[in-house]
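J.: The structure file run_36.cif (mmCIF, C-alpha atoms) is provided below.
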```cif
data_input
#
loop_
_atom_site.label_atom_id
_atom_site.label_comp_id
_atom_site.auth_asym_id
_atom_site.auth_seq_id
_atom_site.Cartn_x
_atom_site.Cartn_y
_atom_site.Cartn_z
CA MET V 5 2.86 -14.13 6.08
CA LYS V 6 -0.73 -15.26 6.38
CA SER V 7 -3.25 -14.57 3.62
CA GLU V 8 -7.02 -14.84 3.34
CA ASN V 9 -9.06 -15.49 0.20
CA THR V 10 -11.15 -12.33 -0.17
CA PRO V 11 -13.96 -11.79 -2.73
CA PHE V 12 -14.15 -8.63 -4.85
CA GLU V 13 -17.47 -7.07 -5.93
CA GLY V 14 -18.10 -4.47 -8.62
CA GLY V 15 -15.84 -3.00 -11.24
CA PRO V 16 -13.43 -5.00 -13.40
CA MET V 17 -12.60 -7.48 -10.60
CA ASP V 18 -16.25 -8.47 -9.99
CA GLY V 19 -16.63 -12.09 -8.91
CA ARG V 20 -12.92 -12.78 -8.44
CA VAL V 21 -11.39 -14.09 -5.24
CA LEU V 22 -7.77 -13.17 -4.49
CA PRO V 23 -5.48 -14.10 -1.60
CA VAL V 24 -4.91 -10.89 0.38
CA LEU V 25 -2.26 -10.60 3.09
CA VAL V 26 -3.69 -9.97 6.54
CA GLY V 27 -2.11 -7.86 9.25
CA PRO V 28 -1.20 -8.77 12.82
CA THR V 29 -4.86 -8.43 13.87
CA GLY V 30 -6.01 -10.91 11.21
CA HIS V 31 -7.81 -8.26 9.12
CA PRO V 32 -7.04 -7.40 5.49
CA PRO V 33 -6.18 -3.74 4.70
CA LYS V 34 -9.02 -1.18 4.58
CA THR V 35 -8.25 -0.30 0.96
CA TYR V 36 -6.80 -2.46 -1.79
CA GLU V 37 -5.26 -0.73 -4.80
CA ILE V 38 -4.67 -2.59 -8.05
CA PRO V 39 -2.45 -0.83 -10.66
CA VAL V 40 -3.51 -1.66 -14.22
CA PRO V 41 -0.83 -0.87 -16.83
CA ASP V 42 -1.80 1.37 -19.74
CA PRO V 43 -1.46 -0.40 -23.13
CA ASP V 44 -0.04 2.80 -24.70
CA GLY V 45 2.76 3.06 -22.13
CA GLY V 46 1.19 5.90 -20.12
CA PRO V 47 0.72 6.02 -16.38
CA PRO V 48 -1.13 3.02 -14.92
CA THR V 49 -4.78 3.25 -13.90
CA VAL V 50 -5.32 2.42 -10.23
CA LEU V 51 -8.46 0.52 -9.23
CA VAL V 52 -9.46 1.18 -5.61
CA TYR V 53 -11.48 -1.29 -3.55
CA ARG V 54 -12.75 -0.66 0.00
CA ARG V 55 -13.11 -3.33 2.70
CA VAL V 56 -16.67 -3.95 3.93
CA PRO V 57 -18.19 -6.71 6.11
CA ALA V 58 -19.10 -9.80 4.06
CA GLY V 59 -22.09 -10.66 6.21
CA TYR V 60 -23.32 -11.52 9.67
CA SER V 61 -24.24 -14.80 11.35
CA LYS V 62 -27.94 -15.44 11.93
CA ARG V 63 -27.87 -16.47 15.55
CA LEU V 64 -25.50 -14.05 17.28
CA GLY V 65 -25.10 -11.38 14.60
CA LEU V 66 -21.33 -11.78 14.49
CA GLN V 67 -19.42 -10.67 11.43
CA THR V 68 -18.49 -13.59 9.15
CA GLY V 69 -15.61 -12.04 7.22
CA TRP V 70 -14.60 -9.31 4.80
CA LYS V 71 -15.06 -8.50 1.12
CA TYR V 72 -13.93 -5.65 -1.09
CA GLU V 73 -16.32 -3.33 -2.95
CA TRP V 74 -15.22 -1.20 -5.88
CA ASP V 75 -14.90 2.54 -5.29
CA PRO V 76 -15.45 4.19 -8.71
CA THR V 77 -14.23 7.59 -7.46
CA GLY V 78 -10.82 6.13 -6.57
CA GLU V 79 -10.16 8.82 -3.96
CA ARG V 80 -7.65 8.19 -1.22
CA ARG V 81 -9.19 8.79 2.15
CA ARG V 82 -7.15 10.58 4.76
CA LEU V 83 -7.34 10.32 8.51
CA LYS V 84 -9.65 12.91 10.06
CA TRP V 85 -8.27 14.13 13.32
CA PRO V 86 -10.60 16.01 15.68
CA TRP V 87 -8.30 19.02 15.76
CA SER V 88 -7.84 19.34 11.99
CA LYS V 89 -9.65 22.04 10.06
CA PRO V 90 -12.38 20.99 7.63
CA THR V 91 -11.50 21.21 3.95
CA PRO V 92 -13.00 24.26 2.25
CA PRO V 93 -15.68 23.56 -0.39
CA ALA V 94 -14.61 23.60 -4.03
CA PRO V 95 -15.38 26.85 -5.88
CA GLU V 96 -18.28 26.64 -8.29
CA GLY V 97 -17.94 27.50 -11.96
#
```
Turn this file's structure into structure tokens for me.
T.:
Amino acid sequence: MKSENTPFEGGPMDGRVLPVLVGPTGHPPKTYEIPVPDPDGGPPTVLVYRRVPAGYSKRLGLQTGWKYEWDPTGERRRLKWPWSKPTPPAPEG
């Protein structure tokens, strides 16, 4: 398996660079989840990072790579199909 050194920004992993496995297209996964064990033996906390472009070249404007940014909400995004119904808004109060 091929891996790519990918920087992480924000959250507890800020400034670290980890080798992340890339897929058949050569891109790392869109989300990267890191389980952090609870010291009291409870369920682990999951840190969620989202893949974003690392930058663009000056001359042609091509993308230079990927990096991960911390998502403090930690929500899992689902695929949105055109035929699926929108989710109803949460009740207030």
J.: Determine the residue set returned by the PyMOL selection byres ((chain V and resi 57) around 9) for the present structure, and present it as a PyMOL selection string.
T.: chain V and resi 55-56+58-60+67-72
J.: Might you pull out every residue within 12 Å of region 40-49 of chain V, with all atoms listed in the file counted and same-chain residues fewer than 6 positions away left off, and present them as a list in words?
T.: Pro16, Met17, Pro76 and Gly78 of chain V
J.: Distance cut-off 6 Å, centre (-11.1, -14.7, -9.1) in file coordinates, counting all atoms listed in the file: which residues qualify? Return them as a list in words.
T.: Arg20, Val21 and Leu22 of chain V
J.: How would the residues just picked look written out with C-alpha atoms as a PDB file, in the frame of the given file?
T.:
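Output (again.pdb):
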```pdb
ATOM      1  CA  ARG V  20     -12.920 -12.780  -8.440  1.00  0.00           C
ATOM      2  CA  VAL V  21     -11.390 -14.090  -5.240  1.00  0.00           C
ATOM      3  CA  LEU V  22      -7.770 -13.170  -4.490  1.00  0.00           C
TER       4      LEU V  22
END
```
J.: So what does the PyMOL selection byres ((chain V and resi 37) around 7) actually pick up in this one, as a list of chain:residue names?
T.: V:Thr35, V:Tyr36, V:Ile38, V:Pro39, V:Val50, V:Leu51, V:Val52, V:Tyr53
J.: Around region 46-61 of chain V, with edges along x, y and z and 5 Å added on all six sides, what centre and edge lengths do you get, in Å to one decimal, as lines of an AutoDock Vina configuration file?
T.:
```
center_x = -11.5
center_y = -4.4
center_z = -4.4
size_x = 35.4
size_y = 30.8
size_z = 41.5
```
J.: Which neighbours of Pro33 (chain V) fall inside 9 Å, counting only C-alpha atoms, when residues of the same chain fewer than 4 positions from it are skipped, and could you give them as a ChimeraX atom specification?
T.: /V:24-27,54-55
J.: Once the PyMOL selection byres ((chain V and resi 8) around 6) has been evaluated on this model, what residues remain selected, and can you format them as an MDAnalysis selection string?
T.: chainID V and resid 7 9:10 23:24
J.: Take the residues just selected and output them with C-alpha atoms as an mmCIF file, in the coordinates of the input.
T.:
```cif
data_model
loop_
_atom_site.group_PDB
_atom_site.id
_atom_site.type_symbol
_atom_site.label_atom_id
_atom_site.label_comp_id
_atom_site.auth_asym_id
_atom_site.auth_seq_id
_atom_site.Cartn_x
_atom_site.Cartn_y
_atom_site.Cartn_z
ATOM 1 C CA SER V 7 -3.250 -14.570 3.620
ATOM 2 C CA ASN V 9 -9.060 -15.490 0.200
ATOM 3 C CA THR V 10 -11.150 -12.330 -0.170
ATOM 4 C CA PRO V 23 -5.480 -14.100 -1.600
ATOM 5 C CA VAL V 24 -4.910 -10.890 0.380
#
```
J.: Do you have the CA of Glu73 (chain V)-CA of Glu13 (chain V) distance handy?
T.: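 So the two atoms, CA of Glu73 (chain V) and CA of Glu13 (chain V), lie 4.9 Å apart.
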J.: Report the distance between CA of Gly14 (chain V) and CA of Arg80 (chain V) in Å, rounded to one decimal place.
T.: 18.0 Å
J.: Interatomic distance between CA of Gly65 (chain V) and CA of Pro32 (chain V)?
T.: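 Taking CA of Gly65 (chain V) and CA of Pro32 (chain V), their separation equals 20.6 Å.
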J.: Any chance you could build region 27-41 of chain V out to N, CA, C and O atoms and write it as a compact mmCIF listing (two decimals), keeping the file's coordinate frame?
T.:
```
# COMPACT_ATOMS: atom_id res chain seq x y z
N GLY V 27 -3.03 -8.47 8.30
CA GLY V 27 -2.11 -7.86 9.25
C GLY V 27 -2.02 -8.64 10.54
O GLY V 27 -2.56 -9.74 10.67
N PRO V 28 -1.36 -8.08 11.55
CA PRO V 28 -1.20 -8.77 12.82
C PRO V 28 -2.53 -9.01 13.55
O PRO V 28 -2.63 -9.90 14.37
N THR V 29 -3.56 -8.24 13.23
CA THR V 29 -4.86 -8.43 13.87
C THR V 29 -5.71 -9.46 13.14
O THR V 29 -6.79 -9.81 13.61
N GLY V 30 -5.26 -9.93 11.99
CA GLY V 30 -6.01 -10.91 11.21
C GLY V 30 -6.98 -10.29 10.23
O GLY V 30 -7.78 -10.98 9.61
N HIS V 31 -6.92 -8.97 10.05
CA HIS V 31 -7.81 -8.26 9.12
C HIS V 31 -7.04 -7.86 7.87
O HIS V 31 -5.88 -7.47 7.94
N PRO V 32 -7.68 -7.92 6.69
CA PRO V 32 -7.04 -7.40 5.49
C PRO V 32 -7.03 -5.86 5.53
O PRO V 32 -7.73 -5.26 6.34
N PRO V 33 -6.24 -5.21 4.68
CA PRO V 33 -6.18 -3.74 4.70
C PRO V 33 -7.53 -3.11 4.35
O PRO V 33 -8.34 -3.71 3.67
N LYS V 34 -7.75 -1.87 4.81
CA LYS V 34 -9.02 -1.18 4.58
C LYS V 34 -9.22 -0.85 3.10
O LYS V 34 -10.35 -0.84 2.63
N THR V 35 -8.16 -0.55 2.41
CA THR V 35 -8.25 -0.30 0.96
C THR V 35 -7.28 -1.22 0.25
O THR V 35 -6.23 -1.58 0.78
N TYR V 36 -7.65 -1.60 -0.98
CA TYR V 36 -6.80 -2.46 -1.79
C TYR V 36 -6.69 -1.79 -3.15
O TYR V 36 -7.70 -1.56 -3.82
N GLU V 37 -5.49 -1.43 -3.54
CA GLU V 37 -5.26 -0.73 -4.80
C GLU V 37 -4.61 -1.68 -5.80
O GLU V 37 -3.62 -2.33 -5.47
N ILE V 38 -5.17 -1.72 -7.00
CA ILE V 38 -4.67 -2.59 -8.05
C ILE V 38 -4.22 -1.72 -9.23
O ILE V 38 -5.05 -1.12 -9.90
N PRO V 39 -2.90 -1.61 -9.49
CA PRO V 39 -2.45 -0.83 -10.66
C PRO V 39 -2.64 -1.64 -11.94
O PRO V 39 -2.24 -2.80 -12.02
N VAL V 40 -3.28 -1.03 -12.92
CA VAL V 40 -3.51 -1.66 -14.22
C VAL V 40 -2.67 -0.91 -15.23
O VAL V 40 -2.88 0.29 -15.45
N PRO V 41 -1.69 -1.57 -15.89
CA PRO V 41 -0.83 -0.87 -16.83
C PRO V 41 -1.60 -0.37 -18.05
O PRO V 41 -2.54 -1.01 -18.51
```
